[in-house]
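Structure file upload-v4.tsv; described as TSV, C-alpha atoms.
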```tsv
chain	number	residue	atom	x	y	z
A	1360	MET	CA	3.70	34.61	72.03
A	1361	LYS	CA	6.93	34.95	70.09
A	1362	ASN	CA	7.33	32.51	67.19
A	1363	HIS	CA	9.13	31.90	63.89
A	1364	VAL	CA	6.08	31.59	61.63
A	1365	LYS	CA	6.76	34.72	59.54
A	1366	GLN	CA	10.39	33.85	58.84
A	1367	THR	CA	9.51	30.25	57.90
A	1368	ARG	CA	6.57	31.34	55.75
A	1369	LEU	CA	8.79	33.77	53.81
A	1370	GLU	CA	11.38	31.05	53.32
A	1371	ALA	CA	8.64	28.80	51.95
A	1372	ARG	CA	7.62	31.67	49.59
A	1373	LEU	CA	4.05	31.74	50.80
A	1374	THR	CA	1.86	34.76	51.37
A	1375	GLN	CA	-0.20	35.08	54.55
A	1376	GLN	CA	-3.33	34.42	52.48
A	1377	GLN	CA	-1.88	31.22	50.96
A	1378	LEU	CA	-0.89	29.90	54.38
A	1379	ALA	CA	-4.29	30.89	55.77
A	1380	ASP	CA	-6.04	28.97	52.97
A	1381	LYS	CA	-3.87	25.92	53.64
A	1382	VAL	CA	-4.72	25.78	57.35
A	1383	GLY	CA	-8.33	26.96	57.04
A	1384	VAL	CA	-8.21	30.27	58.87
A	1385	THR	CA	-8.37	33.92	57.81
A	1386	GLN	CA	-5.37	35.98	56.73
A	1387	GLN	CA	-5.91	38.25	59.76
A	1388	THR	CA	-5.42	35.31	62.11
A	1389	ILE	CA	-2.08	34.42	60.48
A	1390	SER	CA	-1.06	38.06	60.74
A	1391	LEU	CA	-1.95	38.19	64.45
A	1392	ILE	CA	-0.10	34.91	65.13
A	1393	GLU	CA	3.03	36.25	63.40
A	1394	LYS	CA	2.86	39.45	65.46
A	1395	GLY	CA	2.42	37.38	68.62
A	1396	LYS	CA	-0.92	39.02	69.36
A	1397	TYR	CA	-2.97	35.82	69.18
A	1398	ASN	CA	-2.10	32.52	70.85
A	1399	PRO	CA	-3.29	29.71	68.56
A	1400	THR	CA	-4.53	26.38	69.90
A	1401	LEU	CA	-2.26	23.36	69.64
A	1402	LYS	CA	-4.48	22.09	66.80
A	1403	LEU	CA	-3.85	25.24	64.74
A	1404	CYS	CA	-0.13	25.22	65.64
A	1405	LEU	CA	0.12	21.69	64.27
A	1406	ALA	CA	-1.82	22.65	61.11
A	1407	ILE	CA	0.66	25.50	60.50
A	1408	CYS	CA	3.58	23.14	61.13
A	1409	TYR	CA	2.22	20.62	58.60
A	1410	ALA	CA	1.59	23.39	56.05
A	1411	LEU	CA	5.13	24.75	56.39
A	1412	GLY	CA	6.79	21.33	56.77
A	1413	GLN	CA	8.40	22.22	60.07
A	1414	SER	CA	8.32	20.80	63.59
A	1415	LEU	CA	6.43	22.39	66.46
A	1416	ASP	CA	9.75	23.16	68.16
A	1417	ALA	CA	11.17	24.94	65.12
A	1418	LEU	CA	8.14	27.21	64.76
A	1419	PHE	CA	6.88	27.83	68.25
A	1420	TRP	CA	9.57	26.97	70.78
A	1421	SER	CA	11.44	29.78	72.43
A	1422	SER	CA	13.41	29.66	75.66
A	1423	LYS	CA	12.19	31.47	78.78
A	1424	GLU	CA	14.75	34.25	78.26
A	1425	GLU	CA	13.47	34.91	74.72
A	1426	GLN	CA	9.89	35.42	75.87
A	1427	PRO	CA	8.91	39.07	76.42
B	1017	MET	CA	-24.37	32.77	56.29
B	1018	LYS	CA	-21.02	31.05	55.78
B	1019	ARG	CA	-19.89	28.65	58.51
B	1020	ILE	CA	-16.99	30.00	60.57
B	1021	THR	CA	-13.95	27.69	60.57
B	1022	ASP	CA	-11.38	30.11	62.00
B	1023	GLU	CA	-10.84	29.34	65.71
B	1024	ARG	CA	-10.06	33.00	66.52
B	1025	LEU	CA	-13.34	34.14	64.97
B	1026	LYS	CA	-15.22	31.37	66.78
B	1027	LEU	CA	-13.79	32.69	70.05
B	1028	GLU	CA	-14.77	36.24	69.12
B	1029	THR	CA	-18.29	35.00	68.33
B	1030	PHE	CA	-18.53	33.37	71.78
B	1031	LYS	CA	-17.41	36.63	73.37
B	1032	ASN	CA	-20.07	38.49	71.39
B	1033	ILE	CA	-22.71	35.97	72.47
B	1034	ARG	CA	-21.72	36.61	76.09
B	1035	ILE	CA	-22.20	40.35	75.60
B	1036	LEU	CA	-25.56	39.72	73.90
B	1037	PHE	CA	-26.62	37.47	76.79
B	1038	ILE	CA	-25.77	40.17	79.35
B	1039	PHE	CA	-27.55	42.84	77.26
B	1040	GLU	CA	-30.66	40.69	76.83
B	1041	ASN	CA	-30.84	39.81	80.53
B	1042	LEU	CA	-30.38	43.43	81.57
B	1043	GLY	CA	-33.16	44.37	79.13
B	1044	LEU	CA	-35.44	41.73	80.67
B	1045	ILE	CA	-34.70	42.97	84.18
B	1046	VAL	CA	-35.40	46.60	83.17
B	1047	ILE	CA	-38.72	45.55	81.55
B	1048	LEU	CA	-39.69	43.62	84.69
B	1049	ILE	CA	-38.83	46.53	87.00
B	1050	TYR	CA	-40.84	48.89	84.79
B	1051	GLN	CA	-43.78	46.45	84.77
B	1052	SER	CA	-43.70	46.09	88.56
B	1053	PHE	CA	-43.80	49.89	88.98
B	1054	LYS	CA	-46.59	50.24	86.43
B	1055	ASP	CA	-48.88	47.28	87.25
B	1056	GLY	CA	-47.73	46.11	90.69
B	1057	LEU	CA	-45.92	43.03	91.99
B	1058	ASP	CA	-48.61	40.60	90.80
B	1059	ALA	CA	-47.92	41.54	87.20
B	1060	LEU	CA	-44.22	40.91	87.84
B	1061	VAL	CA	-44.87	37.41	89.21
B	1062	ASN	CA	-47.29	36.52	86.40
B	1063	SER	CA	-45.09	37.88	83.63
B	1064	PRO	CA	-43.62	35.23	81.27
B	1065	PHE	CA	-40.40	37.28	81.31
B	1066	SER	CA	-39.87	36.54	85.01
B	1067	ILE	CA	-40.43	32.80	84.36
B	1068	LEU	CA	-37.92	32.97	81.50
B	1069	LEU	CA	-35.43	34.78	83.73
B	1070	MET	CA	-35.85	32.19	86.50
B	1071	LEU	CA	-35.49	29.29	84.05
B	1072	THR	CA	-32.35	30.90	82.58
B	1073	GLY	CA	-30.93	31.28	86.10
B	1074	GLY	CA	-31.70	27.64	86.88
B	1075	LEU	CA	-30.14	26.44	83.62
B	1076	ALA	CA	-27.05	28.62	84.19
B	1077	ALA	CA	-26.65	27.21	87.71
B	1078	PHE	CA	-27.01	23.65	86.38
B	1079	LEU	CA	-24.44	24.24	83.61
B	1080	GLN	CA	-22.11	25.87	86.13
B	1081	VAL	CA	-22.10	22.81	88.45
B	1082	ARG	CA	-19.30	21.11	86.50
B	1083	ILE	CA	-17.10	24.22	86.66
B	1084	SER	CA	-17.81	24.77	90.37
B	1085	ALA	CA	-17.01	21.12	91.11
B	1086	ASP	CA	-13.65	21.44	89.34
B	1087	SER	CA	-12.64	24.72	91.00
B	1088	GLU	CA	-13.75	23.60	94.49
B	1089	GLU	CA	-11.89	20.33	94.10
B	1090	ARG	CA	-8.68	22.19	93.25
B	1091	LYS	CA	-8.86	24.24	96.46
B	1092	LYS	CA	-9.60	21.30	98.76
B	1093	ASP	CA	-7.28	18.63	100.07
B	1094	THR	CA	-7.80	15.72	97.67
B	1095	SER	CA	-6.17	13.21	100.02
B	1096	LYS	CA	-9.28	13.28	102.25
B	1097	PRO	CA	-11.93	10.70	101.28
B	1098	LEU	CA	-15.02	12.06	99.59
B	1099	ARG	CA	-18.25	11.31	101.52
B	1100	TYR	CA	-21.89	11.64	100.56
B	1101	TYR	CA	-23.43	12.14	104.02
B	1102	PRO	CA	-22.38	15.85	104.34
B	1103	VAL	CA	-24.36	16.50	101.12
B	1104	LEU	CA	-27.39	14.82	102.64
B	1105	ILE	CA	-27.04	16.62	105.98
B	1106	GLU	CA	-26.53	19.99	104.29
B	1107	SER	CA	-29.65	19.52	102.14
B	1108	LEU	CA	-31.72	18.25	105.08
B	1109	LEU	CA	-30.67	21.16	107.27
B	1110	THR	CA	-31.40	23.77	104.59
B	1111	GLY	CA	-34.79	22.22	103.81
B	1112	GLY	CA	-35.59	21.91	107.52
B	1113	VAL	CA	-34.65	25.52	108.30
B	1114	ALA	CA	-36.62	26.82	105.29
B	1115	GLY	CA	-39.71	24.80	106.33
B	1116	LEU	CA	-39.34	25.86	109.97
B	1117	VAL	CA	-39.11	29.55	109.07
B	1118	LEU	CA	-42.36	29.30	107.10
B	1119	TYR	CA	-44.03	27.28	109.88
B	1120	LEU	CA	-42.98	29.75	112.59
B	1121	SER	CA	-44.34	32.66	110.56
B	1122	ASN	CA	-47.88	31.25	111.01
B	1123	HIS	CA	-48.55	27.99	112.92
B	1124	GLU	CA	-52.19	27.57	111.98
B	1125	ARG	CA	-52.19	28.37	108.32
B	1126	TYR	CA	-48.96	26.91	107.05
B	1127	PRO	CA	-48.11	23.44	108.50
B	1128	LEU	CA	-48.65	21.61	105.20
B	1129	ASP	CA	-47.23	24.49	103.15
B	1130	ALA	CA	-44.16	24.52	105.41
B	1131	ALA	CA	-43.60	20.78	104.91
B	1132	LEU	CA	-44.04	21.16	101.16
B	1133	PHE	CA	-41.74	24.18	100.98
B	1134	GLY	CA	-39.10	22.44	103.12
B	1135	SER	CA	-39.25	19.36	100.87
B	1136	ILE	CA	-38.89	21.46	97.72
B	1137	VAL	CA	-35.87	23.32	99.15
B	1138	PHE	CA	-34.41	19.95	100.24
B	1139	ILE	CA	-34.74	18.53	96.71
B	1140	CYS	CA	-33.44	21.76	95.14
B	1141	PHE	CA	-30.29	21.49	97.24
B	1142	LEU	CA	-29.93	17.72	97.09
B	1143	LEU	CA	-30.03	17.48	93.27
B	1144	PRO	CA	-27.19	19.91	92.36
B	1145	LEU	CA	-25.09	18.84	95.35
B	1146	THR	CA	-25.46	15.18	94.33
B	1147	ILE	CA	-24.46	15.99	90.75
B	1148	SER	CA	-21.49	17.97	92.08
B	1149	TYR	CA	-20.54	15.04	94.36
B	1150	ALA	CA	-20.79	12.56	91.46
B	1151	LEU	CA	-18.59	14.79	89.27
B	1152	LYS	CA	-15.96	15.19	92.01
B	1153	LYS	CA	-15.94	11.43	92.57
B	1154	LYS	CA	-15.59	10.78	88.84
B	1155	HIS	CA	-12.69	13.25	88.59
B	1156	ARG	CA	-10.93	11.61	91.53
B	1157	ASN	CA	-11.33	8.20	89.92
B	1158	ASP	CA	-10.00	9.62	86.63
B	1159	ASN	CA	-7.00	11.10	88.46
B	1160	ASP	CA	-6.24	7.80	90.19
B	1161	GLU	CA	-6.03	5.91	86.89
```
For this file, produce the structure as structure tokens.
Amino acid sequence: MKNHVKQTRLEARLTQQQLADKVGVTQQTISLIEKGKYNPTLKLCLAICYALGQSLDALFWSSKEEQP
Amino acid sequence: MKRITDERLKLETFKNIRILFIFENLGLIVILIYQSFKDGLDALVNSPFSILLMLTGGLAAFLQVRISADSEERKKDTSKPLRYYPVLIESLLTGGVAGLVLYLSNHERYPLDAALFGSIVFICFLLPLTISYALKKKHRNDNDE
């Protein structure tokens, strides 16, 4: 699933490990989410949103045309 | 061992448990087949492994009732009212046929055995079908609210 986690994380000057520690997952999971290779649950999506101070829309919404 | 908090790793663990379950069951089946070849069918029936395998099958079927009820309900027309008597008739028929088959195989020896076997089959069908019926009814009530 395409998302804007990587871009937002870089803007917030956080490493994957720091974000992972904040939301309670492993760095590999954050990496897979950013690459779109793992679809997180809504609970984890919200945890990432809270950690990055963004809305669910801003991080995870993409229109139908944008989806691969 | 540290507790896993990562949801992705939890999912991976469940997948691994599924593989382990399949492996273990296949192992049990292979052991039972080997035992039946080596010591005969009696050893197979008396083996605690076969009891364990049967209990696992029964437990799996019981746990699967909720999922079956959901998937069956999705296929069927939910506007039709849900009735209990088909469950009863289905169980009675199955139990009756099972008892009759045993009775017909030997009239003199098995009348009581046939009745007992028919009753057991009846209960074995009635219980899961009743649970399934109750679940479907509960889901319909939940949907109506």
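Separating atom CA of Ser1148 of chain B from atom CA of Val1081 of chain B is a distance of 6.1 Å.
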Query - segment 1391-1401 of chain A surroundings by only C-alpha atoms, 8 Å radius, close-in-sequence under 3 positions cut, as a PyMOL selection string - result: (chain A and resi 1360-1365+1387-1388+1404-1405) or (chain B and resi 1024)
So that all listed atoms of segment 1080-1089 of chain B fit with 4 Å spare on each side, what axis-aligned box centre and edge lengths in Å, to one decimal, would you give as AutoDock Vina command-line options?
```
--center_x -17.0 --center_y 23.1 --center_z 90.3 --size_x 18.2 --size_y 13.5 --size_z 16.4
```
**Report entry** Interatomic distance, atom CA of Val1382 of chain A to atom CA of Ile1035 of chain B (Å, one decimal)
**Finding:**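 Interatomic distance, atom CA of Val1382 of chain A to atom CA of Ile1035 of chain B: 29.2 Å.
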Restrict the calculation to all atoms listed in the file, then for each residue of chain A with any atom at most 7 Å from an atom of chain B give the closest atom pair and their distance in Å to one decimal, rows by chain and rising residue number, as a Markdown table.
```
| residue | atom | partner | partner_atom | distance |
| --- | --- | --- | --- | --- |
| A:Gly1383 | CA | B:Asp1022 | CA | 6.6 |
| A:Val1384 | CA | B:Asp1022 | CA | 4.5 |
| A:Thr1385 | CA | B:Asp1022 | CA | 6.4 |
| A:Thr1388 | CA | B:Arg1024 | CA | 6.8 |
```
Query raised in the report: atom CA of Ala1379 of chain A and atom CA of Cys1408 of chain A are how many Å apart?
Result: 12.3 Å
Query raised in the report: Do you know which residues are at most 10 Å from Ala1114 of chain B counting only C-alpha atoms, after dropping those on the same chain fewer than 6 positions away, and could you put them as a PyMOL selection string?
Result: chain B and resi 1108+1130-1131+1133-1138
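Between Ala1417 of chain A and the residues A:Leu1403, A:Gln1375, A:Lys1381, A:Gln1366, the shortest atom-to-atom distance, using all atoms listed in the file, involves A:Gln1366.
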Requested in this report: Using all atoms listed in the file, pick whichever of B:Ser1063, B:Ala1150, B:Arg1019, B:Thr1110 has the shortest atom-to-atom distance to Ala1085 of chain B.
Outcome: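 Among the listed residues, B:Ala1150 lies closest to Ala1085 of chain B.
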